[in-house]
Amino acid sequence: MIRRENLVDVDKHDGNGPRHVYHVVSKEELNGHARMYARVVLPPGSKVAWHQHVKDTEPYYILQGEGDFYEGSSENGERIKNHVKAGDVCLIPVGGWHSIENNSDSDLQFMALIYNEPNYLI
C-alpha cells in the first residue's frame, strides 16, 4: 500500500508559532507500540514547547535547517541547550523533558517518533 503523509497544521496561538506535522504512520497503524511517527516543520521563530514524556520517549532526527534542542529532568530544573543541524539525533530518556526551537531564518525540519517504554502498550 502506498499513500501520502497526512498534514496537521498546529497553530494554537500559544506563542509557540505554527508547527506543520506530517503524519507518516497513523497511531492506529503503530499498533499500540507508539503514538506518533511524523515529519515536523518549524518555520523560523516557531518551537515545540517544553514538555515531558511519561511512559514513552520522542527522539528527533534533524533533516534540514538548524535550531536549539533543550533537554532536562524536571519541569523547572536545569535545561541543557544543544545547537542541532541536519544529521543530528536528539534523544531523551523515558520521563525526560525537552523542547526544540527554530531561531534561524529558514525552516527546521525533523522526524519525530513517540514510542513506548519497554513492556508498555497503549
# chains A, B, ... in the order shown; residues from 1 in each chain; ligands from 1
>>> residues_around(residues="A:Val25", least_positions_apart="2", cutoff="8 Å", atoms="only C-alpha atoms", output="JSON, numbers by chain")
{"A": [5, 23, 27, 29, 30, 36, 37, 38]}
>>> write_last_selection(atoms="N, CA and C atoms", output="mmCIF file, in the first residue's frame")
data_model
loop_
_atom_site.group_PDB
_atom_site.id
_atom_site.type_symbol
_atom_site.label_atom_id
_atom_site.label_comp_id
_atom_site.auth_asym_id
_atom_site.auth_seq_id
_atom_site.Cartn_x
_atom_site.Cartn_y
_atom_site.Cartn_z
ATOM 1 N N GLU A 5 1.567 11.290 3.158
ATOM 2 C CA GLU A 5 1.583 11.719 4.555
ATOM 3 C C GLU A 5 0.369 12.612 4.805
ATOM 4 N N HIS A 23 2.008 13.513 9.440
ATOM 5 C CA HIS A 23 1.965 12.155 9.996
ATOM 6 C C HIS A 23 2.272 11.145 8.890
ATOM 7 N N LYS A 27 -1.538 6.605 14.351
ATOM 8 C CA LYS A 27 -1.473 5.965 15.667
ATOM 9 C C LYS A 27 -2.024 4.542 15.598
ATOM 10 N N GLU A 29 -2.037 2.534 13.014
ATOM 11 C CA GLU A 29 -1.090 1.680 12.280
ATOM 12 C C GLU A 29 0.135 1.318 13.121
ATOM 13 N N LEU A 30 0.374 2.061 14.188
ATOM 14 C CA LEU A 30 1.509 1.768 15.067
ATOM 15 C C LEU A 30 1.179 0.671 16.088
ATOM 16 N N MET A 36 3.056 8.328 17.614
ATOM 17 C CA MET A 36 3.279 9.276 16.529
ATOM 18 C C MET A 36 4.579 8.965 15.803
ATOM 19 N N TYR A 37 4.508 9.027 14.484
ATOM 20 C CA TYR A 37 5.687 8.987 13.619
ATOM 21 C C TYR A 37 5.421 10.032 12.563
ATOM 22 N N ALA A 38 6.171 11.138 12.595
ATOM 23 C CA ALA A 38 5.833 12.269 11.742
ATOM 24 C C ALA A 38 7.065 13.080 11.348
#
>>> residues_around(residues="stretch 63-69 of chain A", least_positions_apart="6", cutoff="12 Å", atoms="only C-alpha atoms", output="short mmCIF file (atom, residue, chain, number, x, y, z; two decimals) with all heavy atoms, in the first residue's frame")
data_model
loop_
_atom_site.label_atom_id
_atom_site.label_comp_id
_atom_site.auth_asym_id
_atom_site.auth_seq_id
_atom_site.Cartn_x
_atom_site.Cartn_y
_atom_site.Cartn_z
N ARG A 39 6.92 13.77 10.22
CA ARG A 39 7.89 14.79 9.80
C ARG A 39 7.32 16.12 10.28
O ARG A 39 6.17 16.45 10.02
CB ARG A 39 8.03 14.77 8.28
CG ARG A 39 9.01 15.80 7.75
CD ARG A 39 9.25 15.61 6.25
NE ARG A 39 8.04 15.73 5.45
CZ ARG A 39 7.64 16.87 4.88
NH1 ARG A 39 8.34 17.98 5.03
NH2 ARG A 39 6.54 16.88 4.15
N VAL A 40 8.14 16.86 11.01
CA VAL A 40 7.70 18.12 11.59
C VAL A 40 8.49 19.26 10.95
O VAL A 40 9.71 19.16 10.80
CB VAL A 40 7.90 18.13 13.12
CG1 VAL A 40 7.44 19.45 13.73
CG2 VAL A 40 7.18 16.95 13.76
N VAL A 41 7.79 20.32 10.58
CA VAL A 41 8.43 21.50 10.02
C VAL A 41 8.12 22.69 10.94
O VAL A 41 6.95 23.01 11.17
CB VAL A 41 7.95 21.80 8.59
CG1 VAL A 41 8.61 23.06 8.06
CG2 VAL A 41 8.21 20.61 7.67
N LEU A 42 9.19 23.30 11.46
CA LEU A 42 9.05 24.51 12.27
C LEU A 42 9.56 25.70 11.45
O LEU A 42 10.75 25.78 11.15
CB LEU A 42 9.89 24.41 13.56
CG LEU A 42 9.54 23.33 14.56
CD1 LEU A 42 10.48 23.41 15.76
CD2 LEU A 42 8.10 23.47 15.01
N PRO A 43 8.68 26.62 11.07
CA PRO A 43 9.13 27.83 10.38
C PRO A 43 9.99 28.67 11.33
O PRO A 43 9.96 28.47 12.56
CB PRO A 43 7.83 28.55 10.03
CG PRO A 43 6.77 27.50 10.08
CD PRO A 43 7.21 26.54 11.14
N PRO A 44 10.73 29.62 10.80
CA PRO A 44 11.54 30.49 11.66
C PRO A 44 10.71 31.11 12.79
O PRO A 44 9.58 31.56 12.57
CB PRO A 44 12.05 31.57 10.69
CG PRO A 44 12.10 30.86 9.37
CD PRO A 44 10.90 29.95 9.38
N GLY A 45 11.27 31.10 14.00
CA GLY A 45 10.60 31.67 15.16
C GLY A 45 9.64 30.72 15.87
O GLY A 45 9.11 31.06 16.92
N SER A 46 9.42 29.52 15.34
CA SER A 46 8.49 28.57 15.96
C SER A 46 9.23 27.60 16.87
O SER A 46 10.45 27.44 16.77
CB SER A 46 7.76 27.76 14.88
OG SER A 46 6.92 28.61 14.13
N LYS A 47 8.47 26.95 17.75
CA LYS A 47 9.07 25.98 18.66
C LYS A 47 8.06 24.93 19.09
O LYS A 47 6.85 25.13 18.98
CB LYS A 47 9.65 26.68 19.89
CG LYS A 47 8.61 27.34 20.78
CD LYS A 47 9.27 28.04 21.94
CE LYS A 47 8.28 28.81 22.78
NZ LYS A 47 8.91 29.51 23.89
N VAL A 48 8.59 23.82 19.57
CA VAL A 48 7.81 22.82 20.29
C VAL A 48 8.09 23.12 21.76
O VAL A 48 9.25 23.09 22.19
CB VAL A 48 8.23 21.39 19.92
CG1 VAL A 48 7.50 20.38 20.79
CG2 VAL A 48 7.97 21.12 18.44
N ALA A 49 7.06 23.43 22.53
CA ALA A 49 7.23 23.86 23.92
C ALA A 49 7.83 22.78 24.81
O ALA A 49 7.77 21.58 24.50
CB ALA A 49 5.88 24.32 24.47
N TRP A 50 8.37 23.20 25.93
CA TRP A 50 8.95 22.34 26.96
C TRP A 50 7.88 21.38 27.45
O TRP A 50 6.81 21.80 27.88
CB TRP A 50 9.46 23.23 28.09
CG TRP A 50 10.20 22.58 29.20
CD1 TRP A 50 9.77 22.46 30.49
CD2 TRP A 50 11.51 22.00 29.16
NE1 TRP A 50 10.73 21.84 31.25
CE2 TRP A 50 11.81 21.54 30.46
CE3 TRP A 50 12.44 21.80 28.15
CZ2 TRP A 50 13.01 20.91 30.76
CZ3 TRP A 50 13.63 21.18 28.46
CH2 TRP A 50 13.91 20.75 29.75
N ARG A 79 17.92 23.33 32.20
CA ARG A 79 17.70 22.96 30.80
C ARG A 79 19.04 23.05 30.08
O ARG A 79 19.68 24.10 30.07
CB ARG A 79 16.69 23.88 30.14
CG ARG A 79 15.31 23.77 30.77
CD ARG A 79 14.31 24.69 30.13
NE ARG A 79 13.07 24.64 30.88
CZ ARG A 79 11.95 25.22 30.50
NH1 ARG A 79 11.91 25.89 29.38
NH2 ARG A 79 10.87 25.14 31.24
N ILE A 80 19.43 21.95 29.48
CA ILE A 80 20.67 21.90 28.73
C ILE A 80 20.38 22.23 27.28
O ILE A 80 19.54 21.60 26.65
CB ILE A 80 21.33 20.52 28.85
CG1 ILE A 80 21.62 20.21 30.32
CG2 ILE A 80 22.60 20.44 28.02
CD1 ILE A 80 21.95 18.75 30.59
N LYS A 81 21.07 23.25 26.76
CA LYS A 81 20.86 23.72 25.39
C LYS A 81 21.90 23.09 24.46
O LYS A 81 23.09 23.11 24.75
CB LYS A 81 20.98 25.24 25.35
CG LYS A 81 20.86 25.86 23.98
CD LYS A 81 21.02 27.38 24.09
CE LYS A 81 21.07 28.04 22.74
NZ LYS A 81 21.25 29.50 22.88
N ASN A 82 21.42 22.52 23.35
CA ASN A 82 22.29 21.93 22.34
C ASN A 82 21.92 22.50 20.98
O ASN A 82 20.75 22.44 20.59
CB ASN A 82 22.08 20.41 22.28
CG ASN A 82 22.34 19.73 23.60
OD1 ASN A 82 23.47 19.49 23.95
ND2 ASN A 82 21.28 19.43 24.33
N HIS A 83 22.88 23.05 20.26
CA HIS A 83 22.61 23.52 18.90
C HIS A 83 22.61 22.30 17.98
O HIS A 83 23.52 21.48 18.04
CB HIS A 83 23.67 24.53 18.45
CG HIS A 83 23.34 25.16 17.15
ND1 HIS A 83 22.35 26.12 17.03
CD2 HIS A 83 23.81 24.95 15.91
CE1 HIS A 83 22.26 26.48 15.77
NE2 HIS A 83 23.12 25.78 15.05
N VAL A 84 21.56 22.17 17.15
CA VAL A 84 21.43 21.00 16.28
C VAL A 84 21.32 21.42 14.82
O VAL A 84 20.89 22.53 14.51
CB VAL A 84 20.21 20.13 16.68
CG1 VAL A 84 20.41 19.54 18.07
CG2 VAL A 84 18.91 20.92 16.63
N LYS A 85 21.71 20.48 13.94
CA LYS A 85 21.64 20.71 12.49
C LYS A 85 21.39 19.37 11.80
O LYS A 85 21.37 18.33 12.45
CB LYS A 85 22.92 21.37 11.99
CG LYS A 85 24.16 20.54 12.22
CD LYS A 85 25.39 21.34 11.81
CE LYS A 85 26.67 20.57 11.93
NZ LYS A 85 26.98 20.04 13.21
N ALA A 86 21.21 19.41 10.49
CA ALA A 86 20.90 18.20 9.72
C ALA A 86 21.88 17.08 10.05
O ALA A 86 23.09 17.29 10.12
CB ALA A 86 20.93 18.51 8.23
N GLY A 87 21.33 15.89 10.28
CA GLY A 87 22.12 14.71 10.61
C GLY A 87 22.20 14.42 12.09
O GLY A 87 22.59 13.32 12.49
N ASP A 88 21.81 15.37 12.95
CA ASP A 88 21.84 15.15 14.39
C ASP A 88 20.62 14.36 14.85
O ASP A 88 19.53 14.47 14.27
CB ASP A 88 21.87 16.49 15.15
CG ASP A 88 23.19 17.22 15.02
OD1 ASP A 88 24.20 16.57 14.68
OD2 ASP A 88 23.21 18.43 15.27
N VAL A 89 20.80 13.57 15.91
CA VAL A 89 19.71 12.82 16.54
C VAL A 89 19.60 13.31 17.98
O VAL A 89 20.58 13.29 18.72
CB VAL A 89 19.98 11.30 16.51
CG1 VAL A 89 18.85 10.55 17.21
CG2 VAL A 89 20.15 10.81 15.08
N CYS A 90 18.41 13.75 18.37
CA CYS A 90 18.16 14.26 19.72
C CYS A 90 17.43 13.16 20.50
O CYS A 90 16.35 12.73 20.10
CB CYS A 90 17.28 15.50 19.66
SG CYS A 90 17.88 16.79 18.54
N LEU A 91 18.02 12.74 21.60
CA LEU A 91 17.46 11.65 22.41
C LEU A 91 17.14 12.14 23.81
O LEU A 91 17.88 12.96 24.36
CB LEU A 91 18.45 10.50 22.50
CG LEU A 91 18.90 9.88 21.18
CD1 LEU A 91 20.08 8.95 21.41
CD2 LEU A 91 17.75 9.15 20.54
N ILE A 92 16.06 11.62 24.39
CA ILE A 92 15.75 11.88 25.80
C ILE A 92 15.37 10.55 26.44
O ILE A 92 14.83 9.66 25.77
CB ILE A 92 14.60 12.89 25.99
CG1 ILE A 92 13.30 12.37 25.38
CG2 ILE A 92 14.95 14.25 25.44
CD1 ILE A 92 12.07 13.04 25.91
N TRP A 97 12.32 15.57 29.94
CA TRP A 97 11.70 16.78 29.42
C TRP A 97 12.52 17.29 28.24
O TRP A 97 13.74 17.13 28.22
CB TRP A 97 11.68 17.85 30.51
CG TRP A 97 10.75 17.57 31.62
CD1 TRP A 97 10.92 16.67 32.64
CD2 TRP A 97 9.49 18.17 31.85
NE1 TRP A 97 9.85 16.69 33.48
CE2 TRP A 97 8.95 17.61 33.03
CE3 TRP A 97 8.76 19.15 31.18
CZ2 TRP A 97 7.72 17.99 33.54
CZ3 TRP A 97 7.53 19.54 31.70
CH2 TRP A 97 7.01 18.96 32.86
N HIS A 98 11.85 17.95 27.28
CA HIS A 98 12.58 18.51 26.15
C HIS A 98 11.75 19.53 25.40
O HIS A 98 10.54 19.62 25.57
CB HIS A 98 13.08 17.41 25.20
CG HIS A 98 12.01 16.72 24.42
ND1 HIS A 98 12.14 16.40 23.11
CD2 HIS A 98 10.77 16.31 24.76
CE1 HIS A 98 11.06 15.79 22.67
NE2 HIS A 98 10.21 15.72 23.66
N SER A 99 12.43 20.30 24.54
CA SER A 99 11.79 21.23 23.61
C SER A 99 12.78 21.49 22.49
O SER A 99 13.96 21.14 22.58
CB SER A 99 11.41 22.55 24.31
OG SER A 99 12.56 23.26 24.71
N ILE A 100 12.28 22.09 21.41
CA ILE A 100 13.14 22.45 20.29
C ILE A 100 12.64 23.77 19.71
O ILE A 100 11.42 24.00 19.65
CB ILE A 100 13.21 21.33 19.23
CG1 ILE A 100 14.32 21.60 18.21
CG2 ILE A 100 11.86 21.08 18.59
CD1 ILE A 100 14.67 20.40 17.35
N GLU A 101 13.58 24.64 19.33
CA GLU A 101 13.25 25.96 18.82
C GLU A 101 13.97 26.21 17.50
O GLU A 101 15.13 25.85 17.35
CB GLU A 101 13.67 27.05 19.80
CG GLU A 101 13.00 26.97 21.14
CD GLU A 101 13.46 28.07 22.10
OE1 GLU A 101 14.28 28.93 21.68
OE2 GLU A 101 13.00 28.07 23.24
N ASN A 102 13.27 26.87 16.60
CA ASN A 102 13.89 27.32 15.36
C ASN A 102 14.15 28.81 15.48
O ASN A 102 13.23 29.61 15.32
CB ASN A 102 13.02 27.03 14.14
CG ASN A 102 13.68 27.48 12.85
OD1 ASN A 102 14.77 28.03 12.87
ND2 ASN A 102 13.02 27.24 11.74
N ASN A 103 15.39 29.16 15.77
CA ASN A 103 15.74 30.57 15.88
C ASN A 103 16.59 31.01 14.69
O ASN A 103 17.35 31.97 14.78
CB ASN A 103 16.44 30.85 17.21
CG ASN A 103 17.52 29.83 17.51
OD1 ASN A 103 18.01 29.18 16.60
ND2 ASN A 103 17.87 29.68 18.77
N SER A 104 16.45 30.29 13.57
CA SER A 104 17.18 30.62 12.35
C SER A 104 16.25 31.34 11.37
O SER A 104 15.09 31.61 11.69
CB SER A 104 17.75 29.35 11.71
OG SER A 104 16.71 28.61 11.09
N ASP A 105 16.75 31.60 10.17
CA ASP A 105 15.93 32.29 9.17
C ASP A 105 15.39 31.35 8.09
O ASP A 105 14.89 31.79 7.06
CB ASP A 105 16.68 33.46 8.54
CG ASP A 105 17.99 33.02 7.89
OD1 ASP A 105 18.30 31.82 7.90
OD2 ASP A 105 18.71 33.90 7.37
N SER A 106 15.51 30.03 8.32
CA SER A 106 14.93 29.05 7.38
C SER A 106 14.25 27.94 8.17
O SER A 106 14.45 27.80 9.38
CB SER A 106 16.02 28.47 6.46
OG SER A 106 17.00 27.82 7.22
N ASP A 107 13.42 27.15 7.48
CA ASP A 107 12.67 26.08 8.15
C ASP A 107 13.60 25.07 8.83
O ASP A 107 14.67 24.74 8.31
CB ASP A 107 11.80 25.32 7.15
CG ASP A 107 10.57 26.11 6.72
OD1 ASP A 107 10.29 27.16 7.32
OD2 ASP A 107 9.90 25.66 5.78
N LEU A 108 13.16 24.57 9.98
CA LEU A 108 13.79 23.45 10.67
C LEU A 108 12.88 22.25 10.46
O LEU A 108 11.69 22.32 10.78
CB LEU A 108 13.96 23.75 12.17
CG LEU A 108 14.44 22.60 13.05
CD1 LEU A 108 15.82 22.13 12.64
CD2 LEU A 108 14.44 23.04 14.52
N GLN A 109 13.41 21.17 9.92
CA GLN A 109 12.61 20.00 9.58
C GLN A 109 13.22 18.77 10.25
O GLN A 109 14.43 18.57 10.19
CB GLN A 109 12.61 19.84 8.07
CG GLN A 109 11.65 18.84 7.56
CD GLN A 109 11.57 18.85 6.04
OE1 GLN A 109 11.18 17.85 5.48
NE2 GLN A 109 11.91 19.93 5.35
N PHE A 110 12.37 17.96 10.90
CA PHE A 110 12.87 16.77 11.58
C PHE A 110 11.81 15.68 11.61
O PHE A 110 10.62 15.94 11.46
CB PHE A 110 13.35 17.10 13.00
CG PHE A 110 12.32 17.74 13.90
CD1 PHE A 110 11.52 16.97 14.73
CD2 PHE A 110 12.16 19.12 13.93
CE1 PHE A 110 10.58 17.56 15.57
CE2 PHE A 110 11.24 19.73 14.76
CZ PHE A 110 10.45 18.94 15.58
N MET A 111 12.28 14.45 11.80
CA MET A 111 11.39 13.31 12.03
C MET A 111 11.23 13.15 13.54
O MET A 111 12.20 13.29 14.28
CB MET A 111 11.97 12.02 11.45
CG MET A 111 12.11 12.03 9.94
SD MET A 111 10.58 12.29 9.03
CE MET A 111 9.62 10.86 9.51
N ALA A 112 10.01 12.87 13.98
CA ALA A 112 9.72 12.65 15.39
C ALA A 112 8.98 11.32 15.53
O ALA A 112 8.04 11.05 14.79
CB ALA A 112 8.86 13.78 15.95
#
>>> residues_around(residues="A:Ala34", least_positions_apart="5", cutoff="12 Å", atoms="only C-alpha atoms", output="list in words")
Val25, Ser26, Lys27, Glu28, Glu29, Lys55, Asp56, Thr57, Glu58, Ala112, Leu113, Ile114, Tyr115, Asn116, Glu117, Pro118, Asn119, Tyr120, Leu121 and Ile122 of chain A
>>> write_last_selection(atoms="C-alpha atoms", output="PDB file, in the first residue's frame")
ATOM      1  CA  VAL A  25       2.082   6.444  10.006  1.00  0.00           C
ATOM      2  CA  SER A  26      -1.158   6.799  11.974  1.00  0.00           C
ATOM      3  CA  LYS A  27      -1.473   5.965  15.667  1.00  0.00           C
ATOM      4  CA  GLU A  28      -3.709   3.024  14.709  1.00  0.00           C
ATOM      5  CA  GLU A  29      -1.090   1.680  12.280  1.00  0.00           C
ATOM      6  CA  LYS A  55       5.987   6.008  29.722  1.00  0.00           C
ATOM      7  CA  ASP A  56       7.338   6.980  26.304  1.00  0.00           C
ATOM      8  CA  THR A  57      10.116   8.928  24.602  1.00  0.00           C
ATOM      9  CA  GLU A  58      10.470  11.064  21.473  1.00  0.00           C
ATOM     10  CA  ALA A 112       9.717  12.648  15.391  1.00  0.00           C
ATOM     11  CA  LEU A 113       8.803   9.220  16.743  1.00  0.00           C
ATOM     12  CA  ILE A 114       6.926   8.904  20.034  1.00  0.00           C
ATOM     13  CA  TYR A 115       7.286   5.298  21.158  1.00  0.00           C
ATOM     14  CA  ASN A 116       6.598   3.449  24.404  1.00  0.00           C
ATOM     15  CA  GLU A 117       8.953   2.332  27.113  1.00  0.00           C
ATOM     16  CA  PRO A 118       9.601  -1.459  27.087  1.00  0.00           C
ATOM     17  CA  ASN A 119       6.629  -3.664  28.005  1.00  0.00           C
ATOM     18  CA  TYR A 120       4.108  -0.809  27.822  1.00  0.00           C
ATOM     19  CA  LEU A 121       1.365  -0.772  25.171  1.00  0.00           C
ATOM     20  CA  ILE A 122      -1.186   1.988  24.707  1.00  0.00           C
TER      21      ILE A 122
END
>>> atom_distance(atom1="atom CA of A:Leu7", atom2="atom CA of A:Arg19")
10.3 Å
>>> select_by_dssp(residues="chain A", states="strand (DSSP E)", output="NGL selection string")
:A and (6-10 or 19-25 or 34-42 or 47-52 or 56-57 or 60-64 or 66-72 or 80-85 or 89-90 or 97-101 or 108-116)
>>> residues_around(residues="A:Val10", least_positions_apart="6", cutoff="10 Å", atoms="only C-alpha atoms", output="PyMOL selection string")
chain A and resi 16-21
>>> write_last_selection(atoms="N, CA, C and O atoms", output="short mmCIF file (atom, residue, chain, number, x, y, z; two decimals), in the first residue's frame")
data_model
loop_
_atom_site.label_atom_id
_atom_site.label_comp_id
_atom_site.auth_asym_id
_atom_site.auth_seq_id
_atom_site.Cartn_x
_atom_site.Cartn_y
_atom_site.Cartn_z
N ASN A 16 3.93 29.84 20.52
CA ASN A 16 4.97 28.95 20.02
C ASN A 16 5.11 29.00 18.50
O ASN A 16 6.00 28.37 17.94
N GLY A 17 4.24 29.73 17.82
CA GLY A 17 4.29 29.82 16.37
C GLY A 17 3.69 28.59 15.71
O GLY A 17 3.38 27.60 16.36
N PRO A 18 3.55 28.64 14.39
CA PRO A 18 2.95 27.49 13.68
C PRO A 18 3.89 26.30 13.64
O PRO A 18 5.11 26.44 13.62
N ARG A 19 3.31 25.11 13.68
CA ARG A 19 4.05 23.85 13.51
C ARG A 19 3.28 23.03 12.48
O ARG A 19 2.08 22.87 12.59
N HIS A 20 4.00 22.51 11.49
CA HIS A 20 3.39 21.67 10.46
C HIS A 20 3.82 20.24 10.72
O HIS A 20 5.00 19.91 10.67
N VAL A 21 2.84 19.39 11.05
CA VAL A 21 3.12 17.99 11.41
C VAL A 21 2.56 17.10 10.31
O VAL A 21 1.36 17.06 10.09
#
>>> residues_around(residues="A:Ser73", least_positions_apart="3", cutoff="9 Å", atoms="only C-alpha atoms", output="number ranges by chain")
A: 52, 76-79, 93, 95-98
>>> atom_distance(atom1="atom CA of A:Tyr22", atom2="atom CA of A:Asn6")
5.2 Å
